[in-house]
Every structure is written in structure tokens, then in C-alpha cells.
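Text of upload-v1.csv, listed as CSV, C-alpha atoms and all ligand atoms:
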chain,number,residue,atom,x,y,z
A,1,MET,CA,-20.9,2.2,-14.3
A,2,LEU,CA,-18.5,-0.6,-15.1
A,3,ASN,CA,-19.7,-4.0,-16.2
A,4,VAL,CA,-17.7,-6.4,-14.0
A,5,ASP,CA,-18.9,-9.5,-15.7
A,6,ASP,CA,-17.6,-8.3,-19.1
A,7,ILE,CA,-14.3,-7.0,-17.5
A,8,ARG,CA,-13.7,-10.4,-15.9
A,9,LYS,CA,-13.7,-12.0,-19.3
A,10,ASP,CA,-10.5,-10.0,-20.1
A,11,PHE,CA,-8.5,-11.7,-17.4
A,12,PRO,CA,-7.8,-15.4,-18.2
A,13,ILE,CA,-6.4,-16.1,-14.8
A,14,LEU,CA,-9.7,-15.3,-13.1
A,15,SER,CA,-11.2,-18.4,-14.5
A,16,ARG,CA,-8.6,-20.8,-13.1
A,17,LYS,CA,-9.0,-22.9,-10.0
A,18,VAL,CA,-6.7,-23.0,-7.0
A,19,ASN,CA,-6.8,-26.0,-4.6
A,20,GLY,CA,-9.9,-27.1,-6.4
A,21,LYS,CA,-11.7,-23.8,-5.8
A,22,PRO,CA,-12.3,-20.8,-8.1
A,23,LEU,CA,-9.5,-18.3,-7.6
A,24,VAL,CA,-10.5,-15.3,-5.5
A,25,TYR,CA,-7.6,-12.9,-6.1
A,26,PHE,CA,-7.4,-10.3,-3.3
A,27,ASP,CA,-3.6,-9.6,-3.5
A,28,ASN,CA,-3.9,-6.7,-5.9
A,29,ALA,CA,-1.8,-4.4,-3.7
A,30,ALA,CA,1.2,-6.7,-4.4
A,31,THR,CA,0.5,-7.1,-8.1
A,32,SER,CA,-2.5,-6.7,-10.3
A,33,GLN,CA,-3.7,-9.3,-12.8
A,34,THR,CA,-3.0,-9.0,-16.5
A,35,PRO,CA,-5.8,-8.5,-19.1
A,36,GLN,CA,-5.7,-10.4,-22.5
A,37,GLN,CA,-5.1,-7.1,-24.3
A,38,VAL,CA,-1.8,-6.7,-22.5
A,39,ILE,CA,-0.8,-10.3,-22.9
A,40,ASP,CA,-1.6,-10.0,-26.7
A,41,ALA,CA,0.5,-6.9,-26.9
A,42,ILE,CA,3.5,-8.8,-25.5
A,43,VAL,CA,3.0,-11.6,-27.9
A,44,ASP,CA,2.6,-9.1,-30.8
A,45,TYR,CA,5.9,-7.3,-29.9
A,46,TYR,CA,7.9,-10.5,-29.9
A,47,SER,CA,6.2,-11.9,-32.9
A,48,ASN,CA,6.5,-8.8,-35.1
A,49,TYR,CA,8.8,-6.0,-33.7
A,50,ASN,CA,11.6,-7.6,-31.7
A,51,ALA,CA,14.7,-5.4,-32.3
A,52,ASN,CA,17.0,-3.1,-30.4
A,53,ILE,CA,15.8,0.5,-30.3
A,54,HIS,CA,17.4,3.9,-31.0
A,55,ARG,CA,20.3,2.3,-32.9
A,56,GLY,CA,19.3,0.4,-36.0
A,57,VAL,CA,18.9,1.9,-39.5
A,58,HIS,CA,16.7,-1.2,-40.3
A,59,THR,CA,13.0,-1.1,-40.5
A,60,ILE,CA,11.9,-3.2,-37.5
A,61,SER,CA,14.4,-1.4,-35.2
A,62,GLN,CA,12.7,1.9,-36.3
A,63,GLU,CA,9.3,0.4,-35.8
A,64,ALA,CA,10.2,-0.8,-32.3
A,65,THR,CA,11.7,2.6,-31.5
A,66,ASP,CA,8.5,4.3,-32.6
A,67,LEU,CA,6.3,2.0,-30.5
A,68,TYR,CA,8.5,2.6,-27.4
A,69,GLU,CA,8.5,6.4,-27.8
A,70,GLN,CA,4.7,6.4,-28.5
A,71,SER,CA,4.2,4.6,-25.2
A,72,ARG,CA,6.3,7.2,-23.5
A,73,GLN,CA,4.0,9.8,-24.9
A,74,LYS,CA,0.9,7.9,-23.7
A,75,ILE,CA,2.4,7.9,-20.2
A,76,GLN,CA,3.2,11.6,-20.5
A,77,ALA,CA,-0.4,12.3,-21.5
A,78,HIS,CA,-1.8,10.0,-18.7
A,79,PHE,CA,0.2,11.8,-16.0
A,80,ASN,CA,-0.1,15.2,-17.7
A,81,ALA,CA,3.6,15.8,-17.8
A,82,LYS,CA,4.7,18.9,-19.8
A,83,HIS,CA,7.3,17.0,-21.9
A,84,ALA,CA,7.7,13.4,-23.0
A,85,HIS,CA,11.4,13.5,-22.0
A,86,GLU,CA,10.3,14.1,-18.4
A,87,ILE,CA,9.2,10.5,-18.4
A,88,ILE,CA,12.0,8.1,-17.7
A,89,PHE,CA,11.4,4.3,-18.1
A,90,THR,CA,12.6,2.4,-15.0
A,91,SER,CA,12.4,-1.2,-13.9
A,92,GLY,CA,9.8,-0.1,-11.3
A,93,THR,CA,9.1,2.1,-8.4
A,94,THR,CA,12.1,0.8,-6.4
A,95,HIS,CA,14.5,1.7,-9.3
A,96,GLY,CA,13.0,5.2,-9.6
A,97,ILE,CA,13.4,5.9,-5.9
A,98,ASN,CA,17.0,4.7,-6.0
A,99,LEU,CA,17.7,6.8,-9.1
A,100,ILE,CA,16.6,10.0,-7.2
A,101,ALA,CA,18.3,9.0,-4.0
A,102,ASN,CA,21.6,8.5,-5.9
A,103,GLY,CA,21.1,11.8,-7.7
A,104,PHE,CA,20.8,13.7,-4.5
A,105,SER,CA,24.1,12.3,-3.3
A,106,SER,CA,25.8,15.1,-5.1
A,107,ILE,CA,23.4,17.8,-3.8
A,108,LEU,CA,23.1,17.0,-0.1
A,109,LYS,CA,25.6,17.8,2.6
A,110,LYS,CA,25.9,17.6,6.4
A,111,GLY,CA,23.2,19.7,8.1
A,112,ASP,CA,20.6,19.0,5.4
A,113,ASP,CA,17.4,17.1,6.2
A,114,ILE,CA,15.4,14.5,4.3
A,115,ILE,CA,11.8,13.9,5.5
A,116,VAL,CA,10.1,10.6,5.0
A,117,SER,CA,6.8,9.3,6.3
A,118,ALA,CA,6.0,6.6,8.9
A,119,LEU,CA,3.8,4.9,6.3
A,120,GLU,CA,6.6,3.8,4.0
A,121,HIS,CA,7.3,0.5,2.4
A,122,HIS,CA,10.5,-0.4,4.3
A,123,SER,CA,12.4,-1.1,1.1
A,124,ASN,CA,11.8,2.6,0.4
A,125,ILE,CA,13.3,3.7,3.7
A,126,VAL,CA,16.7,2.0,3.0
A,127,PRO,CA,17.7,4.2,0.0
A,128,TRP,CA,17.3,7.3,2.2
A,129,GLN,CA,19.2,5.8,5.0
A,130,MET,CA,22.0,5.0,2.6
A,131,LEU,CA,21.8,8.5,1.2
A,132,CYS,CA,22.1,10.0,4.7
A,133,GLU,CA,25.2,7.8,5.4
A,134,ARG,CA,26.8,8.9,2.2
A,135,THR,CA,26.2,12.6,2.7
A,136,GLY,CA,25.8,13.2,6.4
A,137,ALA,CA,22.2,14.4,6.0
A,138,THR,CA,19.6,13.6,8.7
A,139,LEU,CA,16.5,11.5,8.2
A,140,LYS,CA,13.3,12.8,9.9
A,141,VAL,CA,10.0,10.9,10.0
A,142,ILE,CA,6.5,12.2,9.8
A,143,PRO,CA,4.6,10.2,12.5
A,144,MET,CA,1.3,8.4,12.0
A,145,ASN,CA,-1.8,8.2,14.2
A,146,ASP,CA,-4.1,5.3,15.2
A,147,ALA,CA,-6.3,5.7,12.1
A,148,GLY,CA,-3.1,5.2,10.0
A,149,GLU,CA,-2.9,8.8,8.9
A,150,LEU,CA,0.1,11.0,8.8
A,151,VAL,CA,0.1,13.8,11.4
A,152,MET,CA,0.3,17.0,9.4
A,153,SER,CA,0.9,19.3,12.4
A,154,GLU,CA,4.1,17.2,13.2
A,155,TYR,CA,5.1,17.4,9.5
A,156,GLU,CA,5.0,21.2,9.7
A,157,THR,CA,7.3,21.2,12.8
A,158,LEU,CA,9.8,19.0,10.9
A,159,LEU,CA,10.1,21.4,8.0
A,160,SER,CA,12.8,24.1,8.0
A,161,GLU,CA,15.3,25.7,5.7
A,162,HIS,CA,17.4,22.6,6.2
A,163,THR,CA,14.8,20.4,4.5
A,164,LYS,CA,16.0,19.5,1.0
A,165,LEU,CA,13.9,16.5,0.1
A,166,VAL,CA,10.5,15.1,1.2
A,167,PHE,CA,9.5,11.6,0.3
A,168,VAL,CA,6.0,10.2,0.9
A,169,ASN,CA,3.9,7.5,-0.7
A,170,HIS,CA,0.7,8.7,-2.3
A,171,ILE,CA,-1.2,5.8,-0.9
A,172,SER,CA,0.0,3.3,1.8
A,173,ASN,CA,0.3,-0.2,0.5
A,174,ALA,CA,-0.2,-1.7,4.0
A,175,LEU,CA,-3.3,0.3,5.1
A,176,GLY,CA,-4.6,2.0,2.0
A,177,THR,CA,-4.5,5.5,3.4
A,178,ILE,CA,-4.5,8.3,0.8
A,179,ASN,CA,-2.0,10.8,2.0
A,180,PRO,CA,-2.7,14.6,1.6
A,181,ILE,CA,0.1,15.0,-0.9
A,182,GLU,CA,-1.2,18.3,-2.3
A,183,TYR,CA,-0.7,19.9,1.1
A,184,ILE,CA,2.7,18.0,1.7
A,185,ILE,CA,4.0,19.3,-1.6
A,186,GLU,CA,2.8,22.9,-1.0
A,187,LYS,CA,4.4,23.1,2.4
A,188,ALA,CA,7.7,21.5,1.2
A,189,HIS,CA,8.0,24.1,-1.6
A,190,GLN,CA,7.5,26.9,0.9
A,191,VAL,CA,10.8,26.0,2.5
A,192,GLY,CA,12.4,25.2,-0.9
A,193,ALA,CA,12.5,21.4,-0.6
A,194,ALA,CA,11.9,19.0,-3.5
A,195,VAL,CA,9.2,16.3,-3.3
A,196,LEU,CA,9.3,12.7,-4.5
A,197,ILE,CA,6.0,10.9,-4.4
A,198,ASP,CA,5.8,7.1,-4.5
A,199,GLY,CA,2.7,6.5,-6.6
A,200,ALA,CA,3.0,2.7,-6.8
A,201,GLN,CA,-0.2,2.1,-4.9
A,202,ALA,CA,-2.1,5.1,-6.2
A,203,CYS,CA,-1.9,4.6,-9.9
A,204,PRO,CA,-4.2,1.6,-9.9
A,205,HIS,CA,-7.0,3.7,-8.4
A,206,LEU,CA,-6.6,7.3,-9.6
A,207,LYS,CA,-4.9,9.4,-12.2
A,208,PRO,CA,-2.3,11.8,-10.8
A,209,ASP,CA,-1.8,15.1,-12.6
A,210,VAL,CA,1.9,15.9,-12.0
A,211,GLN,CA,1.5,19.5,-13.2
A,212,ALA,CA,-1.5,20.3,-11.1
A,213,LEU,CA,0.3,18.7,-8.1
A,214,ASP,CA,3.4,20.7,-9.0
A,215,VAL,CA,5.3,17.6,-7.8
A,216,ASP,CA,9.1,17.4,-8.5
A,217,PHE,CA,9.3,13.6,-9.0
A,218,TYR,CA,6.7,10.9,-9.2
A,219,VAL,CA,7.3,7.1,-9.5
A,220,ALA,CA,5.1,4.1,-10.3
A,221,SER,CA,5.3,0.4,-11.4
A,222,ALA,CA,3.3,-1.0,-14.4
A,223,HIS,CA,2.7,-4.3,-12.7
A,224,LYS,CA,0.3,-2.7,-10.2
A,225,MET,CA,-1.8,-1.2,-13.0
A,226,CYS,CA,-2.5,-4.2,-15.2
A,227,GLY,CA,1.0,-4.1,-16.9
A,228,PRO,CA,3.9,-6.5,-16.7
A,229,THR,CA,6.6,-6.7,-14.0
A,230,GLY,CA,10.0,-5.2,-14.5
A,231,ILE,CA,8.8,-1.8,-16.0
A,232,GLY,CA,7.9,1.4,-14.4
A,233,MET,CA,8.2,5.2,-14.8
A,234,LEU,CA,9.8,8.1,-13.1
A,235,TYR,CA,8.4,11.6,-13.8
A,236,GLY,CA,10.8,14.4,-13.1
A,237,LYS,CA,10.5,18.1,-13.8
A,238,GLU,CA,12.8,18.9,-16.7
A,239,ALA,CA,15.0,21.3,-14.6
A,240,TRP,CA,15.5,18.7,-11.9
A,241,LEU,CA,16.3,15.9,-14.3
A,242,ASN,CA,18.9,18.2,-16.1
A,243,LYS,CA,20.4,19.0,-12.7
A,244,LEU,CA,20.8,15.4,-11.4
A,245,PRO,CA,23.7,13.3,-12.5
A,246,PRO,CA,23.1,10.0,-14.4
A,247,TYR,CA,22.5,6.9,-12.3
A,248,GLN,CA,24.1,4.2,-14.4
A,249,GLY,CA,26.8,4.4,-17.1
A,250,GLY,CA,26.4,2.4,-20.3
A,251,GLY,CA,25.1,2.5,-23.8
A,252,GLU,CA,22.2,4.8,-24.7
A,253,MET,CA,23.0,7.4,-22.0
A,254,ILE,CA,26.0,9.0,-23.7
A,255,ALA,CA,26.4,11.5,-26.4
A,256,GLU,CA,30.2,11.2,-26.9
A,257,VAL,CA,32.8,9.0,-25.3
A,258,THR,CA,36.6,9.3,-25.2
A,259,PHE,CA,38.8,8.0,-22.4
A,260,GLU,CA,39.3,11.7,-21.3
A,261,LYS,CA,35.7,12.7,-21.1
A,262,THR,CA,32.2,11.5,-21.7
A,263,THR,CA,29.3,13.8,-22.5
A,264,TYR,CA,25.8,12.6,-21.5
A,265,ALA,CA,22.9,12.2,-23.8
A,266,ASP,CA,19.9,14.5,-23.6
A,267,LEU,CA,16.8,13.6,-21.6
A,268,PRO,CA,15.4,11.0,-21.3
A,269,HIS,CA,18.3,8.9,-22.5
A,270,LYS,CA,20.7,10.2,-19.9
A,271,PHE,CA,18.8,8.0,-17.3
A,272,GLU,CA,18.2,5.0,-19.6
A,273,ALA,CA,21.6,3.2,-19.8
A,274,GLY,CA,21.7,-0.1,-21.7
A,275,THR,CA,19.1,-2.0,-23.6
A,276,PRO,CA,15.8,-1.3,-21.8
A,277,ASN,CA,12.8,-3.6,-21.2
A,278,ILE,CA,11.5,-2.7,-24.7
A,279,ALA,CA,8.4,-5.0,-24.7
A,280,GLY,CA,7.6,-3.8,-21.1
A,281,GLY,CA,7.9,-0.2,-22.1
A,282,ILE,CA,5.6,-0.7,-25.1
A,283,VAL,CA,2.9,-2.6,-23.3
A,284,PHE,CA,3.0,-0.3,-20.3
A,285,GLY,CA,1.2,2.0,-22.7
A,286,THR,CA,-1.3,-0.8,-23.6
A,287,ALA,CA,-2.0,-1.2,-19.9
A,288,ILE,CA,-2.7,2.5,-19.5
A,289,ASP,CA,-5.0,2.4,-22.5
A,290,TYR,CA,-6.8,-0.5,-20.9
A,291,MET,CA,-7.4,1.2,-17.6
A,292,ASN,CA,-8.5,4.4,-19.3
A,293,THR,CA,-11.0,2.5,-21.5
A,294,ILE,CA,-12.7,1.4,-18.3
A,295,GLY,CA,-12.1,4.8,-16.7
A,296,LEU,CA,-10.3,5.6,-13.5
A,297,ASP,CA,-13.3,7.4,-12.1
A,298,ALA,CA,-15.6,4.4,-12.7
A,299,ILE,CA,-12.9,2.2,-11.1
A,300,ALA,CA,-12.6,4.4,-8.0
A,301,THR,CA,-16.4,4.4,-7.5
A,302,TYR,CA,-16.7,0.7,-7.9
A,303,GLU,CA,-13.8,-0.1,-5.7
A,304,GLY,CA,-15.2,2.3,-3.1
A,305,GLU,CA,-18.4,0.2,-3.1
A,306,LEU,CA,-16.4,-3.0,-2.6
A,307,LEU,CA,-14.5,-1.5,0.3
A,308,GLU,CA,-17.6,-0.3,2.0
A,309,TYR,CA,-19.3,-3.7,1.6
A,310,ALA,CA,-16.3,-5.7,2.8
A,311,THR,CA,-15.7,-3.4,5.8
A,312,ALA,CA,-19.2,-3.8,7.0
A,313,LYS,CA,-19.3,-7.5,6.5
A,314,LEU,CA,-15.9,-8.2,8.1
A,315,LEU,CA,-16.7,-6.0,11.1
A,316,ASP,CA,-19.7,-8.2,11.8
A,317,ILE,CA,-17.2,-10.9,12.8
A,318,GLU,CA,-16.5,-10.8,16.5
A,319,GLY,CA,-12.9,-10.2,17.5
A,320,LEU,CA,-12.0,-8.8,14.1
A,321,LYS,CA,-10.0,-5.6,14.0
A,322,ILE,CA,-9.3,-3.4,11.0
A,323,TYR,CA,-6.1,-1.4,10.8
A,324,GLY,CA,-6.2,1.8,8.8
A,325,THR,CA,-9.5,3.5,9.3
A,326,SER,CA,-8.9,6.8,7.6
A,327,LYS,CA,-11.9,8.3,5.7
A,328,HIS,CA,-9.5,8.8,2.9
A,329,LYS,CA,-8.5,5.3,1.8
A,330,THR,CA,-8.5,2.9,-1.2
A,331,SER,CA,-9.7,-0.7,-1.4
A,332,VAL,CA,-7.2,-2.2,1.0
A,333,LEU,CA,-8.4,-4.0,4.2
A,334,SER,CA,-5.7,-4.9,6.7
A,335,PHE,CA,-7.1,-6.9,9.6
A,336,ASN,CA,-6.5,-9.4,12.4
A,337,LEU,CA,-8.6,-11.9,14.3
A,338,ASP,CA,-8.1,-11.6,18.1
A,339,GLY,CA,-5.4,-14.0,19.4
A,340,ILE,CA,-4.8,-15.7,16.0
A,341,HIS,CA,-1.7,-15.4,13.9
A,342,PRO,CA,-2.3,-13.8,10.5
A,343,TYR,CA,-0.3,-16.5,8.7
A,344,ASP,CA,-2.6,-19.2,10.0
A,345,VAL,CA,-5.7,-17.4,8.7
A,346,GLY,CA,-3.9,-16.8,5.3
A,347,SER,CA,-3.1,-20.5,5.0
A,348,ILE,CA,-6.7,-21.6,5.5
A,349,LEU,CA,-7.9,-18.9,3.0
A,350,ASP,CA,-5.4,-20.3,0.5
A,351,LYS,CA,-6.9,-23.8,0.8
A,352,LEU,CA,-10.2,-22.2,-0.1
A,353,GLY,CA,-8.7,-20.6,-3.2
A,354,ILE,CA,-8.6,-17.1,-1.7
A,355,ALA,CA,-5.3,-15.2,-2.3
A,356,VAL,CA,-4.5,-12.6,0.4
A,357,ARG,CA,-1.3,-11.3,1.8
A,358,THR,CA,-0.2,-11.9,5.4
A,359,GLY,CA,2.7,-10.4,7.2
A,360,HIS,CA,4.2,-7.0,7.6
A,361,HIS,CA,3.7,-6.0,4.0
A,362,CYS,CA,7.2,-4.5,3.8
A,363,ALA,CA,5.9,-1.9,6.3
A,364,GLN,CA,7.5,-3.0,9.6
A,365,PRO,CA,7.4,0.5,11.2
A,366,ILE,CA,3.6,0.5,10.8
A,367,MET,CA,3.3,-3.0,12.5
A,368,ASP,CA,5.6,-1.8,15.3
A,369,TYR,CA,3.3,1.2,15.8
A,370,TYR,CA,0.3,-1.1,16.3
A,371,LYS,CA,2.5,-3.6,18.2
A,372,ILE,CA,1.4,-6.5,16.0
A,373,PRO,CA,3.5,-9.0,14.0
A,374,GLY,CA,1.5,-8.4,10.8
A,375,THR,CA,-2.0,-8.4,9.4
A,376,ILE,CA,-4.1,-10.2,6.8
A,377,ARG,CA,-4.4,-7.9,3.9
A,378,ALA,CA,-7.2,-8.2,1.3
A,379,SER,CA,-6.9,-5.7,-1.5
A,380,PHE,CA,-9.6,-5.3,-4.1
A,381,ALA,CA,-9.4,-4.3,-7.8
A,382,PHE,CA,-12.1,-3.3,-10.3
A,383,TYR,CA,-12.4,-7.0,-11.5
A,384,ASN,CA,-13.4,-8.3,-8.0
A,385,THR,CA,-17.0,-8.9,-7.0
A,386,LYS,CA,-19.2,-8.8,-3.9
A,387,GLU,CA,-19.6,-12.6,-4.3
A,388,GLU,CA,-15.9,-12.9,-3.9
A,389,ILE,CA,-16.0,-10.8,-0.7
A,390,ASP,CA,-18.8,-13.1,0.6
A,391,ALA,CA,-16.4,-16.0,0.0
A,392,LEU,CA,-13.7,-14.2,1.9
A,393,VAL,CA,-16.0,-13.5,4.9
A,394,GLU,CA,-17.1,-17.1,5.0
A,395,GLY,CA,-13.4,-18.2,4.8
A,396,VAL,CA,-12.5,-15.9,7.7
A,397,LYS,CA,-15.4,-17.2,9.8
A,398,LYS,CA,-14.2,-20.8,9.0
A,399,ALA,CA,-10.6,-19.9,10.0
A,400,LYS,CA,-11.8,-18.4,13.2
A,401,MET,CA,-13.7,-21.5,14.1
A,402,MET,CA,-10.8,-23.8,13.3
A,403,LEU,CA,-8.2,-21.8,15.0
A,404,SER,CA,-9.9,-20.6,18.3
B,501,LIG,C1,4.7,-2.1,-4.5
B,501,LIG,C2,5.2,-0.9,-3.9
B,501,LIG,C3,6.5,-0.5,-4.1
B,501,LIG,C4,7.6,-1.3,-4.8
B,501,LIG,O1,7.3,-1.4,-6.1
B,501,LIG,P1,8.2,-2.4,-7.1
B,501,LIG,O2,7.4,-2.5,-8.3
B,501,LIG,O3,8.4,-3.6,-6.3
B,501,LIG,O4,9.5,-1.6,-7.3
B,501,LIG,C5,6.9,0.7,-3.5
B,501,LIG,N1,6.0,1.5,-2.8
B,501,LIG,C6,4.7,1.1,-2.7
B,501,LIG,C7,3.8,2.0,-1.9
B,501,LIG,C8,4.3,-0.1,-3.2
B,501,LIG,O5,3.0,-0.4,-3.1
Would you mind writing the file's structure down as C-alpha cells?
Ligand SMILES: *Cc1c(COP(=O)(O)O)cnc(C)c1O
Amino acid sequence: MLNVDDIRKDFPILSRKVNGKPLVYFDNAATSQTPQQVIDAIVDYYSNYNANIHRGVHTISQEATDLYEQSRQKIQAHFNAKHAHEIIFTSGTTHGINLIANGFSSILKKGDDIIVSALEHHSNIVPWQMLCERTGATLKVIPMNDAGELVMSEYETLLSEHTKLVFVNHISNALGTINPIEYIIEKAHQVGAAVLIDGAQACPHLKPDVQALDVDFYVASAHKMCGPTGIGMLYGKEAWLNKLPPYQGGGEMIAEVTFEKTTYADLPHKFEAGTPNIAGGIVFGTAIDYMNTIGLDAIATYEGELLEYATAKLLDIEGLKIYGTSKHKTSVLSFNLDGIHPYDVGSILDKLGIAVRTGHHCAQPIMDYYKIPGTIRASFAFYNTKEEIDALVEGVKKAKMMLS
């Protein structure tokens, strides 16, 4: 059991006011809030260790390098990767996806298929479309059903010996659906395809075990799991990372350079060109420590209670419809009020200090499926409370009264 009153004291932003009202932060699927422990670690880095890494003979450069590499090991342990060098620091999920899409440019050819899901963030569809344009490969899409779940029987019919890569998010940011990635990975491997999982929305709620999943690539962003923006991770199986070409050229990623030929550095440096986000890399580990101290199991249980409570209360409001009704979902509630534009509801909630997201949530294909312009999305984290959900429900009722 987690103690939410104590936990809230770790997050300074939760005591601020917005428009004269106490902040109710329900936009956790866009970015999570930052605990004091992580803020302190950023200050500590710049106060005591700021130096470039992997290059200096001097003491603070070595200390910064050690902290950066220790953080990589923490991430390795958290995701249960076999080797620390299978963890590549990226600027975030989007960077990790583009790195893999670029790497497959040299592998794919005309006649090959890439399979993606209908539940994707649309910024994540674009890299695959670009990859198909470059290589002549074909993009195929696993369709969704009314509950916001991927249709596995359709997935099976899309798979063939032409399938080279499958890309699916672990959890949908727009609807909260937890996709059956174990099954998706197993079936893809049966036809010899590699699998990349977008874990941006999953890592705040659960702890993926990349070896147990047998996944080829897994990507995530620190800023959705109590870390800072601009830092993320890519896990890749060693054999795959050795096979893929580097993404960017620059310092750090080379072993030897002459104008005739450059040889690349070993993993993970081959994929880490230039001076990285050193403070971000170090405190990503602090954020993971913080989440593990609370415990991902306790977090999932508590967020499940919040989801159940909020779902029941919101459904009491007449004319309110929830999108994404899978039994397997995390604490994301996407909903609309009959005949009212989501943006108008969002604006009224903002005046009440309640931060939600409105719009298509970068998941236009999902909105097209439901034939709606967007939804109001409230996403809960382990530092939210039932009292805050009560405030949301009251706010939605008020918005309904004012707008209908
Ligand atoms: C947030 C999110 C992304 C994008 O993450 P960035 O940190 O902006 O790169 C991708 N996929 C999903 C499912 C997300 O929730």
C-alpha cells in the first residue's frame, strides 16, 4: 500500500495554485511530474560534476562518466537487459523509433512488409511511412475494435514470410489499452520478423522484462516516469545493435577516423554521437530509483483503484461516453460529453485548476475510427487522489451545465 499523502510531499508542483485553485494534474500521459529527489539530482550534477564524459583525464570528467555509466546499469537492471551496452541513451521515445527506422533502411527492400498498429501515436507512424518510401517496403496496419483493442485474428492474417518488422505500442496513450505484446512478439518471431515496442506509456505503470518478453527493441522516455524531458532509452538485443548501422555521425561514435575510412566505436557508443544529455542520463537513473522505492506493483494497484473509481463516477453523468473500454487498460480515461466540443470542456476545467488534455492526442487514426474530432483525456498517476477525481467530476458536471 502506498501512502499518497507522503508521496505528494515529494512533488513541489502539486502544492501550487492554478487560476486561484489547487492544481489537479491529470495530464500524466503527456508528461509526469518531477519529485524533489530528481530535481535535487539535477542541481547536484550541475553543482558538483558538470564535465564532458568519456574524454577527460581529469577527476570530475571521470566522476561524471562513472555516474552516467552507473545510470545505464540501473536502467539495464530495471528492464532486465542482459548487457549494459544494450541500453542506448536517446533524447526520448521518438528518437529511439527513428534510430531503428533509419537502421532498417539498409535491411529492407521492395516486397518486404512492416506491420504497425492502428493504436499508434501518429508521430510514430511517420518514421515507418518514410522508411517505406525509402525502401519500397509496404506498411500494413493491425486494425482496432470498438473497445479500443487490437484485433489479433487480423494481425495473424497480416503476418507472412515478407514481414520484417512489427511495431506496436505497449500501452496506447490515447485510450490506455494494454496491448498483448507477449503474443504479438511470439507470432512475429514465428515468421522471422523483428519487433520494436514503444513503451513510453507503459513504463510509468509497469516494469517490462525485455529478456522474458524476448523483444528485439524497446523504447521509452524518462519524462513520463518522473524524470526530465530530453532523455530516453532504447534497448536492443546485442546482435541486432551490432547489425544496424549508426544513426548519426559525430564524436563519441567512432573508433578511428581518417578521410579514407572511419571505424565505429563499440556498443553503446556507436549510437551515441556527440555530447549527450549527461545530467538527463544520470537523473534518469534517479527517477527509476524513485519509482522502484514506491514499487511498480503498488503503483499499478493504486492507479487501478483510481481508474475504477473515476470510471464509475464519470459514467453517472448523463451523455458522457468513455472511449477505450478494454478490460486490460491503465489509468487513462478518454471521454466526451454528448454534443459538446472537448476543447470547451477542457477550457472550463482549466479555469477550475484541473489540467486535462483535449484533442486527438497525436492519435488521429483512433479519432477517425470513432468519427470524433477528439476527446477529453484525464490520465492518473500514483500521486493523484480520489478527492481530485471528485473535483474533476464536479468540473465536468459544471461544464455540461454551462455548455448545454
Ligand atoms: C509520449 C509518447 C511518445 C512520444 O514520446 P517523446 O518523449 O515525445 O518522444 C510515443 N509513444 C507513446 C505511446 C507516447 O505516449
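The shortest atom-to-atom distance to ligand LIG 501 (chain B), with only C-alpha atoms and all ligand atoms taken into account, belongs to A:Ile231 out of A:Ile231, A:Ala147, A:Val345, A:Ile115.
CA of Tyr383 in chain A lies 6.3 Å from CA of Ile7 in chain A.
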Show which residues sit within 8 Å of Pro365 in chain A, as an MDAnalysis selection string. Count all atoms listed in the file, and ignore same-chain residues fewer than 3 positions away. chainID A and resid 118:120 122 368:369
Give me the residues within 10 Å of Leu349 in chain A as a PyMOL selection string, counting only C-alpha atoms and dropping any in the same chain fewer than 3 places off. chain A and resi 24+343-346+352-356+391-396+398-399
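Our summary of the geometry notes that CA of Gln73 in chain A is positioned 19.9 Å from CA of Thr229 in chain A.
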Pairwise distance for CA of Ile278 in chain A and CA of Ser71 in chain A, rounded to one decimal in Å: 10.3 Å
Could you pull out the residues sitting within 7 Å of ligand LIG 501 (chain B), using all atoms listed in the file, and write them as an MDAnalysis selection string? chainID A and resid 29:30 92:95 120:121 124 169 171:173 198:201 221 223
Any chance you can output those residues with C-alpha atoms as a CSV table (one decimal), keeping the file's coordinate frame?
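Generated file (result-v6.csv):
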chain,number,residue,atom,x,y,z
A,29,ALA,CA,-1.8,-4.4,-3.7
A,30,ALA,CA,1.2,-6.7,-4.4
A,92,GLY,CA,9.8,-0.1,-11.3
A,93,THR,CA,9.1,2.1,-8.4
A,94,THR,CA,12.1,0.8,-6.4
A,95,HIS,CA,14.5,1.7,-9.3
A,120,GLU,CA,6.6,3.8,4.0
A,121,HIS,CA,7.3,0.5,2.4
A,124,ASN,CA,11.8,2.6,0.4
A,169,ASN,CA,3.9,7.5,-0.7
A,171,ILE,CA,-1.2,5.8,-0.9
A,172,SER,CA,0.0,3.3,1.8
A,173,ASN,CA,0.3,-0.2,0.5
A,198,ASP,CA,5.8,7.1,-4.5
A,199,GLY,CA,2.7,6.5,-6.6
A,200,ALA,CA,3.0,2.7,-6.8
A,201,GLN,CA,-0.2,2.1,-4.9
A,221,SER,CA,5.3,0.4,-11.4
A,223,HIS,CA,2.7,-4.3,-12.7
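The closest residue to Asp66 in chain A, picked from A:Asn80, A:Ile282, A:Lys187, A:Pro143 and counting only C-alpha atoms, is A:Ile282.
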Starting from the point (-4.3, -8.1, 4.6), work out which residues of protein, DNA or RNA have an atom no more than 8 Å away when counting only C-alpha atoms; state them as a ChimeraX atom specification. /A:174,332-335,356-359,375-379
